[in-house]
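Student: mmCIF, C-alpha atoms (C1' of nucleotides), saved as input.cif, coming up:
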```
data_coords
#
loop_
_atom_site.label_atom_id
_atom_site.label_comp_id
_atom_site.auth_asym_id
_atom_site.auth_seq_id
_atom_site.Cartn_x
_atom_site.Cartn_y
_atom_site.Cartn_z
CA MET A 1 83.08 70.70 -92.49
CA PRO A 2 84.40 67.43 -93.93
CA ASN A 3 86.91 67.87 -96.70
CA GLN A 4 86.85 66.24 -100.07
CA ARG A 5 89.27 63.48 -99.25
CA GLU A 6 87.23 62.33 -96.28
CA LEU A 7 84.10 62.37 -98.37
CA ALA A 8 85.72 60.34 -101.10
CA THR A 9 86.87 57.81 -98.52
CA THR A 10 83.39 57.51 -97.12
CA ALA A 11 81.98 57.17 -100.59
CA ALA A 12 84.50 54.48 -101.45
CA LEU A 13 83.38 52.43 -98.46
CA THR A 14 79.66 52.98 -98.90
CA LEU A 15 79.31 52.84 -102.63
CA PRO A 16 80.04 49.17 -103.34
CA ARG A 17 77.50 48.02 -100.78
CA PHE A 18 74.97 50.47 -102.11
CA VAL A 19 75.54 49.29 -105.65
CA SER A 20 75.24 45.67 -104.56
CA SER A 21 71.86 46.11 -102.90
CA THR A 22 70.63 47.99 -105.93
CA VAL A 23 71.74 45.20 -108.23
CA ARG A 24 70.13 42.68 -105.92
CA PHE A 25 66.84 44.56 -106.05
CA HIS A 26 66.99 44.86 -109.82
CA THR A 27 67.62 41.14 -110.13
CA ALA A 28 64.75 40.32 -107.79
CA VAL A 29 62.35 42.46 -109.82
CA ALA A 30 63.51 40.75 -112.99
CA ASP A 31 62.98 37.32 -111.44
CA ARG A 32 59.47 38.28 -110.42
CA LEU A 33 58.63 39.39 -113.93
CA GLY A 34 60.10 36.12 -115.17
CA VAL A 35 62.85 37.80 -117.16
CA THR A 36 66.61 38.21 -116.93
CA PRO A 37 68.19 41.41 -115.62
CA ALA A 38 69.18 42.34 -119.17
CA GLU A 39 65.59 41.96 -120.30
CA LEU A 40 64.34 44.16 -117.51
CA HIS A 41 66.96 46.72 -118.38
CA CYS A 42 65.74 46.66 -121.98
CA LEU A 43 62.15 46.96 -120.88
CA GLN A 44 62.91 50.08 -118.90
CA LEU A 45 64.81 51.65 -121.77
CA VAL A 46 61.86 51.09 -124.05
CA HIS A 47 59.28 52.06 -121.46
CA SER A 48 61.00 55.31 -120.58
CA GLY A 49 61.23 56.19 -124.25
CA VAL A 50 65.01 56.24 -124.59
CA THR A 51 64.84 54.37 -127.91
CA ASP A 52 62.81 51.72 -129.70
CA SER A 53 65.49 50.61 -132.14
CA PRO A 54 66.81 47.05 -131.70
CA THR A 55 70.30 47.95 -132.84
CA GLU A 56 70.47 50.88 -130.47
CA LEU A 57 69.01 48.84 -127.61
CA ALA A 58 71.54 46.09 -128.23
CA ARG A 59 74.31 48.66 -128.05
CA LEU A 60 73.00 50.16 -124.81
CA LEU A 61 72.72 46.72 -123.27
CA GLY A 62 76.17 45.69 -124.45
CA LEU A 63 74.78 42.84 -126.54
CA THR A 64 75.25 41.78 -130.14
CA THR A 65 72.27 42.16 -132.43
CA GLY A 66 72.06 38.39 -132.62
CA ALA A 67 71.77 38.03 -128.88
CA PHE A 68 69.28 40.86 -128.83
CA THR A 69 67.06 39.12 -131.36
CA ARG A 70 66.77 36.17 -128.96
CA LEU A 71 66.13 38.53 -126.09
CA LEU A 72 63.30 40.13 -128.06
CA ASP A 73 61.90 36.68 -128.83
CA ARG A 74 61.71 35.89 -125.13
CA MET A 75 60.20 39.22 -124.19
CA GLU A 76 57.62 39.03 -126.92
CA ARG A 77 56.71 35.50 -125.87
CA ALA A 78 56.31 36.82 -122.32
CA ARG A 79 53.96 39.53 -123.70
CA LEU A 80 56.18 42.27 -122.30
CA VAL A 81 56.86 43.98 -125.62
CA GLU A 82 55.81 43.68 -129.23
CA ARG A 83 57.62 44.12 -132.53
CA VAL A 84 56.16 46.83 -134.73
CA PRO A 85 57.27 47.23 -138.34
CA ASP A 86 58.82 50.55 -139.24
CA PRO A 87 56.72 52.13 -142.02
CA GLY A 88 59.62 54.19 -143.33
CA ASP A 89 62.25 51.47 -143.63
CA ARG A 90 61.22 47.88 -144.09
CA ARG A 91 64.50 46.55 -142.75
CA ARG A 92 63.76 48.21 -139.47
CA LEU A 93 61.73 47.34 -136.46
CA ARG A 94 60.36 49.16 -133.47
CA VAL A 95 60.04 47.76 -130.00
CA ARG A 96 56.97 48.75 -128.06
CA ALA A 97 56.33 48.03 -124.39
CA ARG A 98 52.94 46.57 -123.53
CA PRO A 99 51.17 48.90 -121.10
CA GLU A 100 49.31 46.13 -119.29
CA ARG A 101 52.54 44.47 -118.16
CA MET A 102 54.10 47.82 -117.32
CA ALA A 103 51.64 48.12 -114.49
CA GLU A 104 53.20 45.02 -112.96
CA LEU A 105 56.59 46.61 -113.21
CA THR A 106 55.39 49.74 -111.44
CA GLU A 107 53.81 47.54 -108.81
CA LEU A 108 57.04 45.71 -108.11
CA TYR A 109 58.84 49.00 -107.68
CA ALA A 110 56.07 50.42 -105.52
CA PRO A 111 57.24 49.25 -102.07
CA LEU A 112 60.69 50.72 -102.60
CA VAL A 113 59.33 53.90 -104.15
CA GLY A 114 56.88 54.28 -101.31
CA ARG A 115 59.50 53.93 -98.61
CA LEU A 116 61.86 56.32 -100.27
CA GLY A 117 59.02 58.77 -100.82
CA GLU A 118 58.33 58.74 -97.08
CA LYS A 119 61.94 59.40 -96.39
CA LEU A 120 62.04 62.28 -98.84
CA ALA A 121 59.08 63.88 -97.11
CA THR A 122 61.23 64.47 -94.03
CA PHE A 123 63.63 66.73 -95.92
CA ASP A 124 63.46 70.46 -96.51
CA ARG A 125 63.83 72.20 -99.86
CA ARG A 126 67.58 72.62 -99.78
CA GLN A 127 68.11 69.03 -98.79
CA LEU A 128 65.81 67.80 -101.52
CA ALA A 129 67.55 69.96 -104.09
CA ALA A 130 70.92 68.54 -103.06
CA LEU A 131 69.59 65.01 -103.19
CA VAL A 132 67.97 65.36 -106.60
CA SER A 133 71.06 66.96 -108.00
CA PHE A 134 73.25 64.25 -106.50
CA LEU A 135 71.15 61.43 -107.89
CA ALA A 136 71.10 62.97 -111.35
CA ASP A 137 74.88 63.36 -111.24
CA SER A 138 75.32 59.84 -109.94
CA GLU A 139 73.30 58.42 -112.76
CA ALA A 140 75.33 60.35 -115.31
CA ALA A 141 78.60 59.45 -113.59
CA ALA A 142 77.69 55.76 -113.41
CA ASP A 143 76.73 55.72 -117.08
CA ARG A 144 79.91 57.51 -118.01
CA ALA A 145 82.07 55.25 -115.87
CA ALA A 146 80.37 52.19 -117.32
CA THR A 147 80.95 53.40 -120.85
CA GLU A 148 84.60 54.20 -120.17
CA LEU A 149 85.12 50.78 -118.63
CA ARG A 150 83.51 49.12 -121.62
CA ARG A 151 85.50 51.15 -124.05
CA GLY A 152 88.91 50.22 -122.62
CA GLU A 153 87.82 46.68 -121.98
CA SER A 154 90.24 44.65 -124.04
CA GLY A 155 93.56 43.77 -122.56
CA GLU A 156 94.70 46.39 -120.11
CA ILE A 157 94.11 44.50 -116.93
CA ALA A 158 94.26 40.98 -118.28
CA GLY A 159 97.28 39.40 -116.63
CA MET B 1 57.02 72.41 -100.09
CA PRO B 2 56.33 69.36 -102.26
CA ASN B 3 54.00 66.84 -100.68
CA GLN B 4 54.63 63.15 -100.29
CA ARG B 5 52.59 62.10 -103.28
CA GLU B 6 54.55 64.35 -105.60
CA LEU B 7 57.80 63.07 -104.20
CA ALA B 8 56.74 59.48 -104.65
CA THR B 9 55.82 60.23 -108.26
CA THR B 10 59.18 61.82 -108.91
CA ALA B 11 60.90 58.89 -107.26
CA ALA B 12 58.90 56.44 -109.36
CA LEU B 13 60.09 58.10 -112.53
CA THR B 14 63.70 58.59 -111.48
CA LEU B 15 64.38 55.38 -109.65
CA PRO B 16 64.26 52.82 -112.46
CA ARG B 17 66.70 54.79 -114.56
CA PHE B 18 68.96 55.29 -111.59
CA VAL B 19 68.86 51.59 -110.79
CA SER B 20 69.61 50.74 -114.41
CA SER B 21 72.71 52.89 -114.62
CA THR B 22 73.92 51.44 -111.36
CA VAL B 23 73.45 47.92 -112.63
CA ARG B 24 75.19 48.83 -115.85
CA PHE B 25 78.15 50.16 -113.92
CA HIS B 26 78.31 47.08 -111.74
CA THR B 27 78.26 44.87 -114.83
CA ALA B 28 81.01 46.88 -116.49
CA VAL B 29 83.23 46.58 -113.43
CA ALA B 30 82.62 42.84 -113.35
CA ASP B 31 83.52 42.55 -117.04
CA ARG B 32 86.72 44.42 -116.48
CA LEU B 33 87.71 42.10 -113.66
CA GLY B 34 86.85 39.20 -115.93
CA VAL B 35 84.09 37.92 -113.68
CA THR B 36 80.30 37.73 -113.75
CA PRO B 37 78.16 40.19 -111.81
CA ALA B 38 77.40 37.46 -109.28
CA GLU B 39 81.10 36.86 -108.74
CA LEU B 40 81.74 40.54 -108.19
CA HIS B 41 78.87 40.65 -105.76
CA CYS B 42 80.42 37.73 -103.88
CA LEU B 43 83.81 39.39 -103.92
CA GLN B 44 82.41 42.50 -102.31
CA LEU B 45 80.59 40.52 -99.64
CA VAL B 46 83.81 38.75 -98.74
CA HIS B 47 85.95 41.84 -99.03
CA SER B 48 83.70 43.93 -96.82
CA GLY B 49 83.69 41.18 -94.22
CA VAL B 50 79.99 40.35 -94.28
CA THR B 51 80.72 36.62 -94.18
CA ASP B 52 83.27 34.08 -95.38
CA SER B 53 81.03 31.03 -95.29
CA PRO B 54 80.23 29.44 -98.65
CA THR B 55 76.76 28.38 -97.58
CA GLU B 56 75.94 31.84 -96.31
CA LEU B 57 77.42 33.49 -99.39
CA ALA B 58 75.37 31.22 -101.64
CA ARG B 59 72.26 32.22 -99.73
CA LEU B 60 73.02 35.94 -100.02
CA LEU B 61 73.66 35.57 -103.73
CA GLY B 62 70.53 33.55 -104.27
CA LEU B 63 72.51 30.56 -105.54
CA THR B 64 72.53 26.90 -104.67
CA THR B 65 75.63 25.58 -102.92
CA GLY B 66 76.40 23.60 -106.05
CA ALA B 67 76.38 26.67 -108.25
CA PHE B 68 78.43 28.50 -105.65
CA THR B 69 81.10 25.80 -105.67
CA ARG B 70 81.59 26.44 -109.40
CA LEU B 71 81.61 30.16 -108.79
CA LEU B 72 84.33 29.69 -106.17
CA ASP B 73 86.29 27.53 -108.62
CA ARG B 74 86.28 30.33 -111.17
CA MET B 75 87.18 33.03 -108.69
CA GLU B 76 89.97 30.98 -107.22
CA ARG B 77 91.31 30.26 -110.71
CA ALA B 78 91.20 34.02 -111.38
CA ARG B 79 93.20 34.54 -108.16
CA LEU B 80 90.50 36.75 -106.72
CA VAL B 81 89.88 34.66 -103.63
CA GLU B 82 91.28 31.58 -101.93
CA ARG B 83 89.75 28.71 -100.02
CA VAL B 84 90.98 28.37 -96.48
CA PRO B 85 90.17 25.31 -94.38
CA ASP B 86 88.24 25.91 -91.18
CA PRO B 87 90.31 24.61 -88.25
CA GLY B 88 87.26 24.02 -86.05
CA ASP B 89 85.10 22.03 -88.44
CA ARG B 90 86.68 20.04 -91.20
CA ARG B 91 83.56 20.06 -93.35
CA ARG B 92 83.72 23.82 -93.49
CA LEU B 93 85.59 26.29 -95.58
CA ARG B 94 86.40 29.98 -95.44
CA VAL B 95 86.59 32.30 -98.38
CA ARG B 96 89.31 34.92 -98.29
CA ALA B 97 89.70 37.80 -100.73
CA ARG B 98 93.19 38.34 -102.14
CA PRO B 99 94.36 41.84 -101.26
CA GLU B 100 96.43 42.32 -104.42
CA ARG B 101 93.39 41.94 -106.66
CA MET B 102 91.30 44.06 -104.33
CA ALA B 103 93.40 47.04 -105.34
CA GLU B 104 92.15 46.58 -108.89
CA LEU B 105 88.60 46.62 -107.66
CA THR B 106 89.18 49.86 -105.81
CA GLU B 107 90.80 51.28 -108.89
CA LEU B 108 87.82 50.47 -111.07
CA TYR B 109 85.53 52.19 -108.64
CA ALA B 110 87.85 55.17 -108.31
CA PRO B 111 86.57 57.35 -111.16
CA LEU B 112 83.00 57.09 -109.94
CA VAL B 113 83.99 57.57 -106.32
CA GLY B 114 86.08 60.58 -107.27
CA ARG B 115 83.32 62.30 -109.17
CA LEU B 116 80.77 61.70 -106.46
CA GLY B 117 83.24 62.93 -103.87
CA GLU B 118 83.60 66.19 -105.78
CA LYS B 119 79.87 66.58 -105.88
CA LEU B 120 79.57 65.92 -102.16
CA ALA B 121 82.08 68.65 -101.46
CA THR B 122 79.61 71.24 -102.74
CA PHE B 123 77.06 70.42 -100.04
CA ASP B 124 76.70 71.83 -96.55
CA ARG B 125 76.34 69.81 -93.35
CA ARG B 126 72.57 69.52 -93.38
CA GLN B 127 72.53 68.47 -97.00
CA LEU B 128 75.22 65.86 -96.41
CA ALA B 129 73.38 64.52 -93.41
CA ALA B 130 70.20 64.17 -95.45
CA LEU B 131 72.08 62.46 -98.25
CA VAL B 132 73.91 60.00 -96.03
CA SER B 133 70.73 59.13 -94.22
CA PHE B 134 68.87 58.72 -97.49
CA LEU B 135 71.50 56.44 -98.98
CA ALA B 136 71.61 54.29 -95.88
CA ASP B 137 67.83 53.98 -95.93
CA SER B 138 67.84 53.24 -99.64
CA GLU B 139 70.30 50.44 -99.20
CA ALA B 140 68.23 48.93 -96.42
CA ALA B 141 65.00 49.43 -98.36
CA ALA B 142 66.44 47.88 -101.51
CA ASP B 143 67.69 44.88 -99.54
CA ARG B 144 64.36 44.50 -97.83
CA ALA B 145 62.40 44.86 -101.06
CA ALA B 146 64.66 42.35 -102.77
CA THR B 147 64.20 39.87 -99.94
CA GLU B 148 60.43 40.30 -99.96
CA LEU B 149 60.31 39.82 -103.71
CA ARG B 150 62.38 36.66 -103.42
CA ARG B 151 60.30 35.31 -100.60
CA GLY B 152 56.97 35.59 -102.41
CA GLU B 153 58.51 34.56 -105.67
CA SER B 154 56.62 31.43 -106.56
CA GLY B 155 53.30 31.74 -108.24
CA GLU B 156 51.61 35.00 -107.33
CA ILE B 157 52.16 36.84 -110.56
CA ALA B 158 52.59 33.87 -112.86
CA GLY B 159 49.61 34.01 -115.16
"C1'" DG C 1 82.16 3.29 -78.57
"C1'" DC C 2 79.20 2.97 -82.33
"C1'" DA C 3 75.41 3.61 -85.51
"C1'" DC C 4 72.76 7.33 -87.66
"C1'" DA C 5 70.79 11.49 -89.09
"C1'" DG C 6 72.25 16.07 -90.39
"C1'" DT C 7 75.45 19.36 -92.58
"C1'" DC C 8 78.83 20.81 -95.78
"C1'" DA C 9 81.16 21.14 -100.07
"C1'" DC C 10 81.59 18.99 -104.28
"C1'" DT C 11 80.27 16.44 -109.01
"C1'" DG C 12 77.12 14.69 -113.46
"C1'" DC C 13 73.57 16.30 -116.24
"C1'" DA C 14 70.43 19.54 -118.47
"C1'" DC C 15 68.91 24.09 -119.77
"C1'" DG C 16 69.20 28.75 -121.02
"C1'" DA C 17 71.70 33.06 -122.24
"C1'" DA C 18 75.10 35.08 -125.05
"C1'" DG C 19 79.08 35.49 -128.57
"C1'" DC C 20 80.50 34.66 -133.28
"C1'" DA C 21 79.89 34.12 -138.01
"C1'" DG C 22 77.06 33.87 -141.73
"C1'" DT C 23 72.29 34.71 -144.40
"C1'" DG C 24 68.56 37.08 -146.58
"C1'" DA C 25 65.74 41.24 -147.04
"C1'" DC C 26 65.95 45.77 -147.87
"C1'" DT C 27 68.01 50.66 -148.59
"C1'" DG C 28 70.44 54.52 -150.85
"C1'" DT C 29 74.05 55.87 -154.08
"C1'" DG C 30 76.78 56.07 -158.39
"C1'" DC D 1 70.35 48.94 -162.47
"C1'" DA D 2 74.43 47.08 -160.11
"C1'" DC D 3 76.59 47.29 -155.58
"C1'" DA D 4 78.03 48.29 -151.07
"C1'" DG D 5 75.95 49.04 -146.62
"C1'" DT D 6 72.44 48.20 -142.97
"C1'" DC D 7 69.21 45.58 -140.42
"C1'" DA D 8 67.28 41.69 -138.22
"C1'" DC D 9 67.56 36.94 -137.96
"C1'" DT D 10 69.63 31.81 -137.64
"C1'" DG D 11 73.33 27.64 -136.64
"C1'" DC D 12 76.84 26.55 -133.65
"C1'" DT D 13 79.48 26.85 -129.55
"C1'" DT D 14 80.67 28.32 -124.87
"C1'" DC D 15 79.64 29.25 -120.27
"C1'" DG D 16 76.87 30.04 -116.01
"C1'" DT D 17 73.33 28.03 -113.12
"C1'" DG D 18 69.78 24.81 -111.22
"C1'" DC D 19 68.81 20.22 -109.74
"C1'" DA D 20 69.83 15.93 -107.83
"C1'" DG D 21 72.96 12.93 -105.96
"C1'" DT D 22 77.80 11.73 -103.53
"C1'" DG D 23 81.34 11.54 -100.11
"C1'" DA D 24 83.53 13.59 -95.98
"C1'" DC D 25 82.72 14.97 -91.66
"C1'" DT D 26 80.01 16.33 -87.25
"C1'" DG D 27 77.25 15.74 -83.08
"C1'" DT D 28 73.71 13.05 -80.72
"C1'" DG D 29 71.34 8.90 -78.79
"C1'" DC D 30 71.72 4.44 -77.40
#
```
Produce structure tokens that represent the structure in this file.

Tutor:
Amino acid sequence: MPNQRELATTAALTLPRFVSSTVRFHTAVADRLGVTPAELHCLQLVHSGVTDSPTELARLLGLTTGAFTRLLDRMERARLVERVPDPGDRRRLRVRARPERMAELTELYAPLVGRLGEKLATFDRRQLAALVSFLADSEAAADRAATELRRGESGEIAG
Amino acid sequence: MPNQRELATTAALTLPRFVSSTVRFHTAVADRLGVTPAELHCLQLVHSGVTDSPTELARLLGLTTGAFTRLLDRMERARLVERVPDPGDRRRLRVRARPERMAELTELYAPLVGRLGEKLATFDRRQLAALVSFLADSEAAADRAATELRRGESGEIAG
DNA sequence: GCACAGTCACTGCACGAAGCAGTGACTGTG
DNA sequence: CACAGTCACTGCTTCGTGCAGTGACTGTGC
């Protein structure tokens, strides 16, 4: 049974390469949709129902509201999303993903999803449970790590 | 036992969010190092010994050699890498990562690696084997999907 | 041994994405 | 009804990247 230190070492070696291929895939999907990686990121946040508020989206993307306004302009021009006025507060706006373009997004993910689905089918219940749990934790850990890194951004390492 | 269709559906829902958090983490690490995501990607390629050829690195990053020259300029100025002349062919160059800065990179990854290591320690052999195999396949699949997307980039979807 | 095409890294120029700072519309509170 | 706060939006600037062209160098054919 491998101990924790060995596992951490393995993870340290594997993780960066894994992250890199993931980023590369994400970028390729974005290119195919004709958008930047940040725009794709935004699209997925909206599409998966995390939020539809521009200010909140800007925060999640690490952008200023000004930059996000331009991003919205581009995405609306590309017919990926539309701006919907908020009936309760006329300062506000809601961002809605256009279903017809979402199909394209799903399509671009399909080859990867399909291959991974095949792979998953070779696992038994316990293995699947471990995997699902691990992926959920990884997502949370990555988000947390990203947030922590952003928070302490100014100055510490600069040298 | 869940069938393949169900698994693919689950994967389709989970994957984009997982990819997004990963990208977000990668971007945060890059910001902390004071480099762009592309530069970090390059750094990892060099550091992990994939290649040290500028032309090859540019290809892997999806950049032109011109753009890559600028990228190298910035990374060399940031003391992340250095240009080393190739003794065999005086047109050529080799890119070498600076070990002292590589420690910082490892450090930035450490929190994530640590948490995932802890999680891994709760799994048994069969579960670990499944996970390792799945991650390896995912990396390969993501790379392949990215390459395919890049290859067929021009025109098909544009409408 | 010498010209010549090919390769490699590097340099103007242009464009696009994003930060910063400021503006105008709108909200809720005293 | 005045006033501070919020929200999205607009100049201006900076920076990363693509494109096209340049100069140094290589190996091959004559």

Student: Which residues of chain C come within 12 Å of chain B, and for each one, what is the closest pair of atoms and their distance in Å to one decimal, counting all atoms listed in the file, sorted by chain and residue number, as a tab-separated table?

Tutor:
```
residue	atom	partner	partner_atom	distance
C:DT7	C1'	B:Arg91	CA	8.2
C:DC8	C1'	B:Arg91	CA	5.4
C:DA9	C1'	B:Arg91	CA	7.2
C:DC10	C1'	B:Thr69	CA	7.0
C:DT11	C1'	B:Gly66	CA	8.7
C:DG12	C1'	B:Gly66	CA	11.6
```

Student: Would you mind exporting the chosen residues as an mmCIF file, keeping the file's coordinate frame, restricted to C-alpha atoms (C1' of nucleotides)?

Tutor:
```
data_model
loop_
_atom_site.group_PDB
_atom_site.id
_atom_site.type_symbol
_atom_site.label_atom_id
_atom_site.label_comp_id
_atom_site.auth_asym_id
_atom_site.auth_seq_id
_atom_site.Cartn_x
_atom_site.Cartn_y
_atom_site.Cartn_z
ATOM 1 C "C1'" DT C 7 75.450 19.360 -92.580
ATOM 2 C "C1'" DC C 8 78.830 20.810 -95.780
ATOM 3 C "C1'" DA C 9 81.160 21.140 -100.070
ATOM 4 C "C1'" DC C 10 81.590 18.990 -104.280
ATOM 5 C "C1'" DT C 11 80.270 16.440 -109.010
ATOM 6 C "C1'" DG C 12 77.120 14.690 -113.460
#
```

Student: Any chance you could resolve the PyMOL selection byres ((chain B and resi 124-127) around 8) against this file and give the residues as a list in words?

Tutor: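 Against this file, the PyMOL selection byres ((chain B and resi 124-127) around 8) returns the residues Met1, Arg126, Gln127, Ala130 and Leu131 of chain A; Ala121, Thr122, Phe123, Leu128, Ala129, Ala130 and Leu131 of chain B.
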
Student: Considering all atoms listed in the file, return as a ChimeraX atom specification whatever protein or nucleic-acid residues lie within 10 Å of Pro111 in chain A, sequence-local ones (same chain, fewer than 5 positions apart) excluded.

Tutor: /A:106,116-117 /B:141-142,144-145,148

Student: For the structure shown, which residues end up in the PyMOL selection byres ((chain D) within 12 of (chain A))? Put them as a list of chain:residue names, please?

Tutor: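 Applying the PyMOL selection byres ((chain D) within 12 of (chain A)) to the structure shown produces D:DT6, D:DC7, D:DA8, D:DC9, D:DT10, D:DG11.
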
Student: Write a file of the selected residues as a compact mmCIF listing (two decimals), keeping the file's coordinate frame, keeping C-alpha atoms (C1' of nucleotides).

Tutor:
```txt
# COMPACT_ATOMS: atom_id res chain seq x y z
C1' DT D 6 72.44 48.20 -142.97
C1' DC D 7 69.21 45.58 -140.42
C1' DA D 8 67.28 41.69 -138.22
C1' DC D 9 67.56 36.94 -137.96
C1' DT D 10 69.63 31.81 -137.64
C1' DG D 11 73.33 27.64 -136.64
```

Student: How would you write, as a ChimeraX atom specification, the residues chosen by the PyMOL selection byres ((chain A) within 7 of (chain B)) on this structure?

Tutor: /A:1,3-4,7-8,11-12,18-25,28-29,32,41,111-114,116-118,120-121,125,127,130-131,138-139,141-143,145-146,149-150,153

Student: If I wrap all listed atoms of range 49-59 of chain B in a box with edges along x, y and z and add 6 Å on each side, what are its centre and edge lengths in Å to one decimal, as AutoDock Vina command-line options?

Tutor:
```
--center_x 78.0 --center_y 34.8 --center_z -97.9 --size_x 23.4 --size_y 24.8 --size_z 19.5
```

Student: Between CA of Asp86 in chain B and C1' of DA24 in chain D, what is the distance, to one decimal in Å?

Tutor: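 Between CA of Asp86 in chain B and C1' of DA24 in chain D the gap works out to 14.0 Å.
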
Student: At what distance in Å, to one decimal, does CA of Arg98 in chain A lie from CA of Val81 in chain A?

Tutor: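 Interatomic distance, CA of Val81 in chain A to CA of Arg98 in chain A: 5.1 Å.
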
Student: What does the distance between CA of Gly49 in chain B and CA of Thr36 in chain A come to in Å, to one decimal place?

Tutor: 28.6 Å
